[in-house]
file my_file_5.tsv (TSV, C-alpha atoms)
chain	number	residue	atom	x	y	z
W	456	MET	CA	256.20	44.21	62.42
W	457	GLY	CA	258.09	47.51	62.24
W	458	GLN	CA	256.94	48.45	65.74
W	459	LEU	CA	258.03	45.06	67.12
W	460	ASP	CA	261.39	45.50	65.37
W	461	HIS	CA	261.93	48.84	67.12
W	462	LEU	CA	260.84	47.49	70.51
W	463	ILE	CA	263.24	44.51	70.35
W	464	VAL	CA	266.18	46.74	69.34
W	465	ILE	CA	265.50	49.19	72.17
W	466	TRP	CA	265.01	46.34	74.70
W	467	LEU	CA	268.17	44.43	73.70
W	468	ASN	CA	270.27	47.57	73.39
W	469	GLY	CA	269.14	48.50	76.90
W	470	PHE	CA	271.45	45.78	78.26
W	471	ALA	CA	274.49	47.37	76.61
W	472	GLY	CA	276.85	49.29	78.88
W	473	ASN	CA	275.76	47.52	82.09
W	474	SER	CA	278.64	45.04	82.26
W	475	ARG	CA	282.13	45.47	80.84
W	476	LEU	CA	282.53	41.69	80.46
W	477	VAL	CA	279.27	41.28	78.52
W	478	ASP	CA	280.16	44.30	76.38
W	479	PHE	CA	283.61	42.79	75.64
W	480	PHE	CA	282.05	39.51	74.51
W	481	MET	CA	279.37	41.27	72.51
W	482	GLU	CA	281.89	43.57	70.82
W	483	ALA	CA	283.90	40.46	69.85
W	484	LEU	CA	280.78	38.61	68.68
W	485	VAL	CA	279.43	41.58	66.73
W	486	SER	CA	282.76	42.01	64.94
W	487	ASP	CA	283.16	41.58	61.19
W	488	TYR	CA	285.92	39.07	61.89
W	489	LEU	CA	285.11	36.54	64.64
W	490	SER	CA	282.10	34.66	63.32
W	491	PRO	CA	283.03	34.65	59.61
W	492	VAL	CA	286.60	33.57	60.39
W	493	LEU	CA	285.44	30.76	62.71
W	494	SER	CA	282.87	29.56	60.15
W	495	SER	CA	285.43	29.72	57.35
W	496	LEU	CA	287.90	27.78	59.51
W	497	VAL	CA	285.30	25.02	59.75
W	498	LEU	CA	285.09	24.98	55.94
W	499	LEU	CA	288.90	24.81	55.78
W	500	GLY	CA	288.95	21.96	58.31
W	501	LEU	CA	286.37	20.00	56.31
W	502	TRP	CA	288.74	20.01	53.35
W	503	PHE	CA	291.09	17.75	55.34
W	504	LYS	CA	288.50	15.82	57.36
W	505	GLY	CA	287.71	12.20	56.59
W	506	SER	CA	289.00	8.71	57.19
W	507	SER	CA	288.63	7.61	53.57
W	508	ASP	CA	288.89	9.16	50.10
W	509	VAL	CA	285.11	9.01	49.64
W	510	GLU	CA	284.36	10.70	52.97
W	511	ARG	CA	286.99	13.36	52.38
W	512	TYR	CA	285.65	14.03	48.86
W	513	GLN	CA	282.14	14.55	50.29
W	514	ASN	CA	283.54	16.96	52.88
W	515	GLN	CA	285.47	18.85	50.22
W	516	LEU	CA	282.20	19.26	48.33
W	517	VAL	CA	280.81	20.89	51.50
W	518	THR	CA	283.76	23.33	51.50
W	519	LEU	CA	283.07	24.14	47.86
W	520	THR	CA	279.32	24.48	48.52
W	521	GLY	CA	280.03	26.85	51.41
W	522	ALA	CA	282.27	29.06	49.26
W	523	ILE	CA	279.69	29.20	46.44
W	524	ALA	CA	276.91	29.84	48.98
W	525	ILE	CA	278.73	32.90	50.33
W	526	GLY	CA	279.09	34.30	46.80
W	527	LEU	CA	275.48	33.59	45.77
W	528	SER	CA	273.89	34.94	48.94
W	529	ASN	CA	276.06	38.08	48.87
W	530	ALA	CA	274.95	38.67	45.28
W	531	MET	CA	271.31	38.38	46.42
W	532	VAL	CA	271.93	40.87	49.25
W	533	MET	CA	273.45	43.30	46.73
W	534	MET	CA	270.36	42.93	44.53
W	535	VAL	CA	268.04	43.67	47.48
W	536	ASN	CA	270.26	46.63	48.46
W	537	GLY	CA	269.81	47.96	44.92
W	538	LEU	CA	266.03	47.86	45.33
W	539	MET	CA	265.64	49.31	48.81
W	540	PHE	CA	267.47	51.19	51.54
W	541	ARG	CA	266.73	51.04	55.25
W	542	GLU	CA	268.29	53.32	57.84
W	543	ARG	CA	270.21	51.70	60.72
W	544	PRO	CA	268.55	51.57	64.18
W	545	PHE	CA	271.12	53.97	65.69
W	546	VAL	CA	270.07	56.58	63.11
W	547	ASN	CA	266.38	56.36	63.95
W	548	HIS	CA	266.52	55.77	67.71
W	549	ASP	CA	268.29	57.17	70.72
W	550	ILE	CA	270.33	54.04	71.49
W	551	SER	CA	273.95	53.40	72.41
W	552	LEU	CA	276.03	52.20	69.47
W	553	HIS	CA	278.52	49.42	70.28
W	554	PHE	CA	279.99	49.15	66.82
W	555	TYR	CA	281.25	51.51	64.15
W	556	ALA	CA	278.53	53.40	62.29
W	557	PRO	CA	277.90	51.60	58.98
W	558	THR	CA	276.53	53.73	56.14
W	559	ASP	CA	275.08	50.96	53.96
W	560	SER	CA	271.53	49.60	54.13
W	561	SER	CA	270.45	47.87	57.32
W	562	PHE	CA	268.16	45.47	55.41
W	563	PRO	CA	269.02	42.66	54.85
W	564	ALA	CA	271.89	41.88	57.25
W	565	ASN	CA	274.92	40.77	55.26
W	566	SER	CA	276.43	39.22	58.39
W	567	ALA	CA	273.44	36.93	58.99
W	568	CYS	CA	273.40	36.06	55.30
W	569	VAL	CA	277.04	34.84	55.38
W	570	GLY	CA	276.68	33.07	58.72
W	571	PHE	CA	273.52	31.20	57.74
W	572	ALA	CA	274.84	30.40	54.25
W	573	ILE	CA	277.89	28.62	55.69
W	574	ALA	CA	275.84	26.95	58.44
W	575	THR	CA	273.34	25.57	55.91
W	576	ALA	CA	276.07	24.31	53.56
W	577	VAL	CA	277.60	22.39	56.47
W	578	PHE	CA	274.25	21.30	57.95
W	579	LEU	CA	273.27	19.51	54.73
W	580	ARG	CA	275.98	16.92	55.44
W	581	HIS	CA	276.95	17.36	59.11
W	582	ARG	CA	273.89	17.95	61.28
W	583	ARG	CA	275.68	18.59	64.60
W	584	LEU	CA	278.44	20.78	63.20
W	585	GLY	CA	275.91	22.66	61.07
W	586	SER	CA	273.66	23.20	64.10
W	587	ALA	CA	276.62	24.65	66.02
W	588	LEU	CA	277.25	27.04	63.12
W	589	TYR	CA	273.56	28.00	63.09
W	590	VAL	CA	273.89	28.90	66.78
W	591	LEU	CA	277.04	30.92	66.03
W	592	ALA	CA	275.26	32.74	63.17
W	593	ALA	CA	272.23	33.42	65.38
W	594	ILE	CA	274.45	34.80	68.19
W	595	TRP	CA	276.23	36.98	65.63
W	596	GLY	CA	272.85	38.33	64.53
W	597	LEU	CA	271.71	38.85	68.12
W	598	ALA	CA	274.93	40.72	68.90
W	599	ARG	CA	274.30	43.01	65.93
W	600	VAL	CA	270.86	43.90	67.30
W	601	TYR	CA	272.37	44.36	70.81
W	602	ALA	CA	275.00	46.69	69.34
W	603	GLY	CA	272.33	48.79	67.62
W	604	VAL	CA	273.37	48.22	64.00
W	605	HIS	CA	270.52	45.96	62.83
W	606	TYR	CA	266.81	45.37	63.37
W	607	PRO	CA	265.70	41.75	64.04
W	608	SER	CA	263.91	41.67	60.66
W	609	ASP	CA	267.25	42.53	58.95
W	610	ILE	CA	268.78	39.47	60.59
W	611	LEU	CA	265.78	37.29	59.68
W	612	ALA	CA	265.88	38.39	56.03
W	613	GLY	CA	269.66	37.88	55.88
W	614	ALA	CA	269.26	34.39	57.35
W	615	VAL	CA	266.58	33.46	54.79
W	616	ILE	CA	268.77	34.73	51.92
W	617	GLY	CA	271.76	32.81	53.34
W	618	VAL	CA	269.76	29.57	53.53
W	619	ILE	CA	268.41	30.04	49.98
W	620	GLY	CA	271.94	30.82	48.71
W	621	ALA	CA	273.29	27.65	50.31
W	622	LEU	CA	270.49	25.47	48.91
W	623	LEU	CA	271.11	26.94	45.44
W	624	ALA	CA	274.85	26.33	45.85
W	625	ALA	CA	274.25	22.72	46.94
W	626	GLY	CA	271.97	22.19	43.92
W	627	THR	CA	274.56	23.71	41.58
W	628	VAL	CA	277.32	21.49	42.97
W	629	ARG	CA	275.06	18.44	42.59
W	630	VAL	CA	274.05	19.24	38.99
W	631	LEU	CA	277.57	20.17	37.90
W	632	ALA	CA	279.24	17.42	39.94
W	633	PHE	CA	281.55	16.47	37.06
W	634	ILE	CA	283.45	19.78	37.41
W	635	PRO	CA	284.52	19.42	41.07
W	636	ARG	CA	285.17	15.71	40.46
W	637	TYR	CA	287.58	16.57	37.63
W	638	VAL	CA	289.26	19.42	39.53
W	639	PHE	CA	289.53	17.49	42.82
W	640	ASN	CA	291.02	14.50	40.97
W	641	ALA	CA	293.68	16.82	39.56
W	642	PHE	CA	294.31	18.12	43.11
W	643	ARG	CA	294.59	14.52	44.35
W	644	THR	CA	297.52	13.87	42.02
W	645	ILE	CA	299.46	16.57	43.84
W	646	TYR	CA	298.15	15.51	47.28
W	647	ILE	CA	296.24	18.66	48.17
W	648	ALA	CA	292.78	17.08	48.03
M	1487	MET	CA	292.51	23.98	62.51
M	1488	ILE	CA	294.52	21.92	60.00
M	1489	GLN	CA	296.42	20.23	62.85
M	1490	PHE	CA	293.20	19.51	64.77
M	1491	VAL	CA	291.50	17.88	61.77
M	1492	ALA	CA	294.66	16.04	60.68
M	1493	ALA	CA	294.93	14.54	64.18
M	1494	GLN	CA	291.25	13.58	64.11
M	1495	SER	CA	291.47	12.07	60.62
M	1496	GLY	CA	294.72	10.17	61.19
M	1497	LEU	CA	296.74	12.18	58.64
M	1498	GLN	CA	299.95	11.52	60.57
M	1499	GLY	CA	302.20	12.73	57.75
M	1500	ILE	CA	301.04	16.34	58.21
M	1501	LEU	CA	301.21	16.41	62.03
M	1502	PHE	CA	303.95	18.39	63.75
M	1503	ALA	CA	303.77	16.00	66.73
M	1504	ARG	CA	302.92	12.73	64.98
M	1505	SER	CA	302.97	10.56	68.08
M	1506	GLN	CA	300.76	12.96	70.09
M	1507	PRO	CA	297.41	13.29	68.28
M	1508	LYS	CA	295.47	13.98	71.51
M	1509	ALA	CA	297.92	16.66	72.64
M	1510	THR	CA	297.77	18.14	69.13
M	1511	LYS	CA	293.99	18.46	69.36
M	1512	ILE	CA	294.13	20.09	72.81
M	1513	LEU	CA	296.97	22.43	71.86
M	1514	SER	CA	295.38	23.50	68.57
M	1515	THR	CA	292.09	24.27	70.36
M	1516	LEU	CA	293.94	26.28	73.00
M	1517	LEU	CA	295.88	28.18	70.34
M	1518	LEU	CA	292.65	29.14	68.59
M	1519	VAL	CA	291.07	30.40	71.83
M	1520	VAL	CA	294.21	32.32	72.86
M	1521	ALA	CA	294.59	33.87	69.39
M	1522	VAL	CA	290.98	35.10	69.37
M	1523	THR	CA	291.22	36.44	72.94
M	1524	VAL	CA	294.52	38.26	72.34
M	1525	TYR	CA	293.21	39.69	69.07
M	1526	PHE	CA	290.12	41.20	70.64
M	1527	ALA	CA	291.70	42.18	73.96
M	1528	SER	CA	294.66	43.99	72.41
M	1529	GLY	CA	292.85	46.86	70.73
M	1530	GLU	CA	289.74	48.26	69.12
M	1531	ARG	CA	288.87	45.73	66.39
M	1532	ASN	CA	285.54	47.06	65.20
M	1533	GLN	CA	286.74	49.35	62.45
M	1534	PRO	CA	284.66	50.49	59.45
M	1535	ASP	CA	285.68	49.07	56.10
M	1536	THR	CA	285.76	52.64	54.82
M	1537	GLY	CA	288.56	53.25	57.36
M	1538	LEU	CA	291.01	50.82	58.94
M	1539	GLY	CA	288.75	47.76	58.60
M	1540	LEU	CA	288.59	45.23	55.78
M	1541	ASP	CA	285.59	44.87	53.51
M	1542	ALA	CA	284.12	41.41	52.95
M	1543	ASN	CA	285.89	40.80	49.62
M	1544	ILE	CA	289.33	41.78	50.94
M	1545	GLN	CA	288.67	39.71	54.05
M	1546	ALA	CA	287.79	36.66	51.95
M	1547	PHE	CA	290.92	37.19	49.83
M	1548	TRP	CA	293.21	37.39	52.88
M	1549	PHE	CA	291.51	34.40	54.48
M	1550	ALA	CA	292.15	32.32	51.34
M	1551	MET	CA	295.78	33.51	51.18
M	1552	SER	CA	296.33	32.77	54.88
M	1553	ALA	CA	294.75	29.32	54.57
M	1554	ALA	CA	296.95	28.51	51.56
M	1555	ALA	CA	300.03	29.78	53.42
M	1556	ALA	CA	299.11	27.72	56.51
M	1557	ALA	CA	298.58	24.58	54.40
M	1558	GLY	CA	301.84	25.17	52.48
M	1559	THR	CA	303.84	25.77	55.65
M	1560	THR	CA	302.32	22.66	57.25
M	1561	LEU	CA	303.16	20.46	54.25
M	1562	VAL	CA	306.76	21.71	54.05
M	1563	PHE	CA	307.64	21.59	57.76
M	1564	THR	CA	305.88	18.30	58.52
M	1565	SER	CA	307.67	16.75	55.52
M	1566	ILE	CA	310.99	17.73	57.12
M	1567	ILE	CA	310.01	16.72	60.67
M	1568	ASN	CA	308.52	13.35	59.64
M	1569	HIS	CA	311.05	12.61	56.88
M	1570	GLY	CA	312.46	9.41	58.41
M	1571	TRP	CA	309.04	7.98	59.33
M	1572	GLY	CA	307.60	8.82	55.90
M	1573	LYS	CA	310.12	6.66	54.04
M	1574	ASN	CA	308.24	3.49	54.99
M	1575	HIS	CA	305.13	4.26	52.97
M	1576	GLY	CA	304.79	0.82	51.41
M	1577	TRP	CA	305.08	1.92	47.80
M	1578	SER	CA	308.10	1.17	45.67
M	1579	ASN	CA	309.06	2.26	42.18
M	1580	ASP	CA	309.52	-1.44	41.39
M	1581	LEU	CA	305.79	-2.06	41.80
M	1582	ALA	CA	303.58	-2.14	38.73
M	1583	GLU	CA	300.81	0.00	40.17
M	1584	ALA	CA	300.88	3.76	40.65
M	1585	PRO	CA	301.38	5.26	44.11
M	1586	PRO	CA	298.11	6.00	45.98
M	1587	LEU	CA	296.38	9.29	45.21
M	1588	GLY	CA	295.07	12.02	47.47
M	1589	LEU	CA	295.43	13.29	51.01
M	1590	THR	CA	294.56	9.86	52.46
M	1591	TRP	CA	298.07	8.60	51.63
M	1592	LEU	CA	299.43	11.29	53.99
M	1593	SER	CA	298.31	9.00	56.82
M	1594	GLN	CA	301.26	6.78	55.81
M	1595	THR	CA	303.82	9.19	54.47
M	1596	THR	CA	304.80	12.84	54.17
M	1597	TYR	CA	303.88	15.28	51.43
M	1598	PHE	CA	307.41	15.35	49.97
M	1599	HIS	CA	307.65	11.54	49.91
M	1600	ALA	CA	304.24	11.34	48.23
M	1601	ILE	CA	305.20	13.90	45.58
M	1602	ARG	CA	308.56	12.18	45.09
M	1603	ALA	CA	306.92	8.79	44.60
M	1604	ARG	CA	304.39	10.26	42.18
M	1605	THR	CA	307.13	12.04	40.19
M	1606	ALA	CA	309.27	8.88	40.07
M	1607	TRP	CA	306.31	6.89	38.79
M	1608	LYS	CA	305.46	9.57	36.21
M	1609	ARG	CA	309.05	9.58	34.93
M	1610	ARG	CA	308.96	5.81	34.56
M	1611	LEU	CA	305.58	5.90	32.86
M	1612	PRO	CA	306.62	6.38	29.18
M	1613	VAL	CA	309.27	3.65	29.46
M	1614	ASP	CA	307.17	0.74	30.66
M	1615	GLY	CA	303.75	2.12	29.81
M	1616	ALA	CA	302.17	1.65	33.24
M	1617	GLY	CA	299.01	3.69	33.77
M	1618	ASP	CA	296.61	4.83	36.50
call {"tool": "encode", "arguments": {"input": "my_file_5.tsv", "output": "structure tokens"}}
result
Amino acid sequence: MGQLDHLIVIWLNGFAGNSRLVDFFMEALVSDYLSPVLSSLVLLGLWFKGSSDVERYQNQLVTLTGAIAIGLSNAMVMMVNGLMFRERPFVNHDISLHFYAPTDSSFPANSACVGFAIATAVFLRHRRLGSALYVLAAIWGLARVYAGVHYPSDILAGAVIGVIGALLAAGTVRVLAFIPRYVFNAFRTIYIA
Amino acid sequence: MIQFVAAQSGLQGILFARSQPKATKILSTLLLVVAVTVYFASGERNQPDTGLGLDANIQAFWFAMSAAAAAGTTLVFTSIINHGWGKNHGWSNDLAEAPPLGLTWLSQTTYFHAIRARTAWKRRLPVDGAGD
């Protein structure tokens, strides 16, 4: 597994630096800002989306689930980081780095965790939109391997943690449904929900 | 994003161009693409969070603040722009029932008109004892 990890990083990173256009797109995709902001914008949009009160309420629950999922999955990543540390690929291999040099643990990938957490939260209610977010999260992960800051197994582990975090968040929202119902009803009296 | 979804969901009261929902969707998509392109083309954006970059928590905080500011600005300005149209929302203080609740009513009126109707009904509430 470790050997395969190294081979994929070296192979993907081998494409870096060959085309300025591809590098520009990859440096945008790998960024800490593009994918999380786009995914969060989807969550923001879902707050307003719906042709009826019931539909909008369901979508607002997705927004809430997404926000909780990010928090839960990040907490899980922090726990794993407390247990183990893995060096970044650019530290262990002679590869070109197309990102800044992070100093925290490579495993698991926090970026994949956030991307997949949001995608799963959305996918549970909106299959097509959620699938698009899964693709975005996967491209974000791929770009991180291309840029030399993560191994594929970091991305895979981050994705699994993100999915688990989102499922836990969805379960929490379902069990404690009376809380969002009460809060959202209060918001509805001032026309912000 | 708010304009795109409002146009899609028929929330006319929070649209800047109420009569142009299609144009609103196209323009808001274009604005998003242009903003992202300009942001990444205008400088080095991959900065470490130990330097000029933002860590995840700060990023989440600023995203929430920006989203709230965008929503607030939208509600205020669209209330001014659509003021005349929003008057005909179909609810009157003479009616026994309370004004409709929630964002859905913003398909028929503006945010200010909705708040005004709600406040008027609340003020009347202790006098004639009407309830939700």
call {"tool": "interface_residues", "arguments": {"input": "my_file_5.tsv", "of": "chain W", "to": "chain M", "cutoff": "6 Å", "atoms": "only C-alpha atoms", "output": "list in words"}}
result
Ser486, Gly500, Lys504, Gly505, Ser506, Tyr555, Arg643, Thr644, Tyr646 and Ala648 of chain W
call {"tool": "closest_residue", "arguments": {"input": "my_file_5.tsv", "among": "W:Trp466, W:Leu588, W:Pro544, W:Phe554", "to": "Val492 of chain W", "atoms": "all atoms listed in the file"}}
result
W:Leu588
call {"tool": "residues_around", "arguments": {"input": "my_file_5.tsv", "residues": "segment 523-529 of chain W", "least_positions_apart": "4", "cutoff": "8 Å", "atoms": "only C-alpha atoms", "output": "short mmCIF file (atom, residue, chain, number, x, y, z; two decimals) with C-alpha atoms, keeping the file's coordinate frame"}}
result
data_model
loop_
_atom_site.label_atom_id
_atom_site.label_comp_id
_atom_site.auth_asym_id
_atom_site.auth_seq_id
_atom_site.Cartn_x
_atom_site.Cartn_y
_atom_site.Cartn_z
CA LEU W 519 283.07 24.14 47.86
CA MET W 533 273.45 43.30 46.73
CA ASN W 565 274.92 40.77 55.26
CA CYS W 568 273.40 36.06 55.30
CA VAL W 569 277.04 34.84 55.38
CA ALA W 572 274.84 30.40 54.25
CA ILE W 573 277.89 28.62 55.69
CA ALA W 576 276.07 24.31 53.56
CA ILE W 616 268.77 34.73 51.92
CA GLY W 617 271.76 32.81 53.34
CA ILE W 619 268.41 30.04 49.98
CA GLY W 620 271.94 30.82 48.71
CA ALA W 621 273.29 27.65 50.31
CA LEU W 622 270.49 25.47 48.91
CA LEU W 623 271.11 26.94 45.44
CA ALA W 624 274.85 26.33 45.85
CA ALA W 625 274.25 22.72 46.94
#
call {"tool": "atom_distance", "arguments": {"input": "my_file_5.tsv", "atom1": "atom CA of Thr627 of chain W", "atom2": "atom CA of Gln513 of chain W"}}
result
14.7 Å
call {"tool": "residues_around", "arguments": {"input": "my_file_5.tsv", "residues": "Ala587 of chain W", "least_positions_apart": "6", "cutoff": "12 Å", "atoms": "all atoms listed in the file", "output": "ChimeraX atom specification"}}
result
/W:490,493-494,497,570-571,573-575,577-578,581,593-594
call {"tool": "atom_distance", "arguments": {"input": "my_file_5.tsv", "atom1": "atom CA of Glu542 of chain W", "atom2": "atom CA of Ala522 of chain W"}}
result
29.3 Å
call {"tool": "atom_distance", "arguments": {"input": "my_file_5.tsv", "atom1": "atom CA of Thr1564 of chain M", "atom2": "atom CA of Phe642 of chain W"}}
result
19.3 Å
call {"tool": "residues_around", "arguments": {"input": "my_file_5.tsv", "residues": "Gln1594 of chain M", "least_positions_apart": "4", "cutoff": "9 Å", "atoms": "all atoms listed in the file", "output": "ChimeraX atom specification"}}
result
/M:1497-1499,1571-1572,1574-1576,1590
call {"tool": "residues_near_point", "arguments": {"input": "my_file_5.tsv", "point": "(270.5, 40.4, 61.7)", "cutoff": "8 Å", "atoms": "all atoms listed in the file", "output": "PyMOL selection string"}}
result
chain W and resi 563-567+595-597+599-600+605-614
call {"tool": "write_last_selection", "arguments": {"input": "my_file_5.tsv", "atoms": "C-alpha atoms", "output": "PDB file, in the coordinates of the input"}}
result
ATOM      1  CA  PRO W 563     269.020  42.660  54.850  1.00  0.00           C
ATOM      2  CA  ALA W 564     271.890  41.880  57.250  1.00  0.00           C
ATOM      3  CA  ASN W 565     274.920  40.770  55.260  1.00  0.00           C
ATOM      4  CA  SER W 566     276.430  39.220  58.390  1.00  0.00           C
ATOM      5  CA  ALA W 567     273.440  36.930  58.990  1.00  0.00           C
ATOM      6  CA  TRP W 595     276.230  36.980  65.630  1.00  0.00           C
ATOM      7  CA  GLY W 596     272.850  38.330  64.530  1.00  0.00           C
ATOM      8  CA  LEU W 597     271.710  38.850  68.120  1.00  0.00           C
ATOM      9  CA  ARG W 599     274.300  43.010  65.930  1.00  0.00           C
ATOM     10  CA  VAL W 600     270.860  43.900  67.300  1.00  0.00           C
ATOM     11  CA  HIS W 605     270.520  45.960  62.830  1.00  0.00           C
ATOM     12  CA  TYR W 606     266.810  45.370  63.370  1.00  0.00           C
ATOM     13  CA  PRO W 607     265.700  41.750  64.040  1.00  0.00           C
ATOM     14  CA  SER W 608     263.910  41.670  60.660  1.00  0.00           C
ATOM     15  CA  ASP W 609     267.250  42.530  58.950  1.00  0.00           C
ATOM     16  CA  ILE W 610     268.780  39.470  60.590  1.00  0.00           C
ATOM     17  CA  LEU W 611     265.780  37.290  59.680  1.00  0.00           C
ATOM     18  CA  ALA W 612     265.880  38.390  56.030  1.00  0.00           C
ATOM     19  CA  GLY W 613     269.660  37.880  55.880  1.00  0.00           C
ATOM     20  CA  ALA W 614     269.260  34.390  57.350  1.00  0.00           C
TER      21      ALA W 614
END
call {"tool": "axis_aligned_box", "arguments": {"input": "my_file_5.tsv", "around": "segment 1548-1563 of chain M", "padding_each_side": "6 Å", "output": "AutoDock Vina command-line options"}}
result
--center_x 299.6 --center_y 28.9 --center_z 54.5 --size_x 28.1 --size_y 28.9 --size_z 18.6
call {"tool": "residues_around", "arguments": {"input": "my_file_5.tsv", "residues": "Leu498 of chain W", "least_positions_apart": "5", "cutoff": "8 Å", "atoms": "all atoms listed in the file", "output": "short mmCIF file (atom, residue, chain, number, x, y, z; two decimals) with C-alpha atoms, in the coordinates of the input"}}
result
data_model
loop_
_atom_site.label_atom_id
_atom_site.label_comp_id
_atom_site.auth_asym_id
_atom_site.auth_seq_id
_atom_site.Cartn_x
_atom_site.Cartn_y
_atom_site.Cartn_z
CA VAL W 517 280.81 20.89 51.50
CA THR W 518 283.76 23.33 51.50
CA GLY W 521 280.03 26.85 51.41
CA VAL W 577 277.60 22.39 56.47
#
call {"tool": "closest_residue", "arguments": {"input": "my_file_5.tsv", "among": "M:His1599, M:Thr1510, M:Trp1577, M:Val1519", "to": "Ser1565 of chain M", "atoms": "all atoms listed in the file"}}
result
M:His1599
call {"tool": "decode", "arguments": {"input": "my_file_5.tsv", "residues": "segment 476-490 of chain W", "atoms": "N, CA and C atoms", "output": "PDB file, in the first residue's frame"}}
result
ATOM      1  N   LEU W 476      -1.011  26.314 -18.167  1.00  0.00           N
ATOM      2  CA  LEU W 476      -2.466  26.359 -17.995  1.00  0.00           C
ATOM      3  C   LEU W 476      -2.934  25.306 -16.984  1.00  0.00           C
ATOM      4  N   VAL W 477      -2.408  24.080 -17.167  1.00  0.00           N
ATOM      5  CA  VAL W 477      -2.782  22.991 -16.237  1.00  0.00           C
ATOM      6  C   VAL W 477      -2.314  23.346 -14.824  1.00  0.00           C
ATOM      7  N   ASP W 478      -1.081  23.882 -14.738  1.00  0.00           N
ATOM      8  CA  ASP W 478      -0.563  24.263 -13.415  1.00  0.00           C
ATOM      9  C   ASP W 478      -1.429  25.341 -12.773  1.00  0.00           C
ATOM     10  N   PHE W 479      -1.900  26.314 -13.587  1.00  0.00           N
ATOM     11  CA  PHE W 479      -2.758  27.385 -13.056  1.00  0.00           C
ATOM     12  C   PHE W 479      -4.037  26.789 -12.465  1.00  0.00           C
ATOM     13  N   PHE W 480      -4.669  25.896 -13.244  1.00  0.00           N
ATOM     14  CA  PHE W 480      -5.911  25.271 -12.772  1.00  0.00           C
ATOM     15  C   PHE W 480      -5.658  24.424 -11.523  1.00  0.00           C
ATOM     16  N   MET W 481      -4.563  23.684 -11.550  1.00  0.00           N
ATOM     17  CA  MET W 481      -4.261  22.818 -10.406  1.00  0.00           C
ATOM     18  C   MET W 481      -3.949  23.647  -9.168  1.00  0.00           C
ATOM     19  N   GLU W 482      -3.230  24.756  -9.348  1.00  0.00           N
ATOM     20  CA  GLU W 482      -2.894  25.597  -8.197  1.00  0.00           C
ATOM     21  C   GLU W 482      -4.140  26.275  -7.636  1.00  0.00           C
ATOM     22  N   ALA W 483      -5.144  26.509  -8.499  1.00  0.00           N
ATOM     23  CA  ALA W 483      -6.433  27.034  -8.007  1.00  0.00           C
ATOM     24  C   ALA W 483      -7.198  25.918  -7.296  1.00  0.00           C
ATOM     25  N   LEU W 484      -7.204  24.734  -7.923  1.00  0.00           N
ATOM     26  CA  LEU W 484      -7.962  23.606  -7.349  1.00  0.00           C
ATOM     27  C   LEU W 484      -7.364  23.127  -6.024  1.00  0.00           C
ATOM     28  N   VAL W 485      -6.035  23.175  -5.928  1.00  0.00           N
ATOM     29  CA  VAL W 485      -5.371  22.668  -4.727  1.00  0.00           C
ATOM     30  C   VAL W 485      -5.518  23.641  -3.552  1.00  0.00           C
ATOM     31  N   SER W 486      -5.897  24.860  -3.871  1.00  0.00           N
ATOM     32  CA  SER W 486      -5.945  25.937  -2.873  1.00  0.00           C
ATOM     33  C   SER W 486      -6.829  25.598  -1.669  1.00  0.00           C
ATOM     34  N   ASP W 487      -6.523  26.246  -0.560  1.00  0.00           N
ATOM     35  CA  ASP W 487      -7.336  26.093   0.659  1.00  0.00           C
ATOM     36  C   ASP W 487      -8.680  26.793   0.514  1.00  0.00           C
ATOM     37  N   TYR W 488      -8.852  27.571  -0.548  1.00  0.00           N
ATOM     38  CA  TYR W 488     -10.022  28.447  -0.631  1.00  0.00           C
ATOM     39  C   TYR W 488     -11.065  28.040  -1.668  1.00  0.00           C
ATOM     40  N   LEU W 489     -10.662  27.577  -2.839  1.00  0.00           N
ATOM     41  CA  LEU W 489     -11.641  27.366  -3.920  1.00  0.00           C
ATOM     42  C   LEU W 489     -12.702  26.326  -3.571  1.00  0.00           C
ATOM     43  N   SER W 490     -12.291  25.111  -3.339  1.00  0.00           N
ATOM     44  CA  SER W 490     -13.256  24.031  -3.114  1.00  0.00           C
ATOM     45  C   SER W 490     -14.095  24.230  -1.850  1.00  0.00           C
TER      46      SER W 490
END
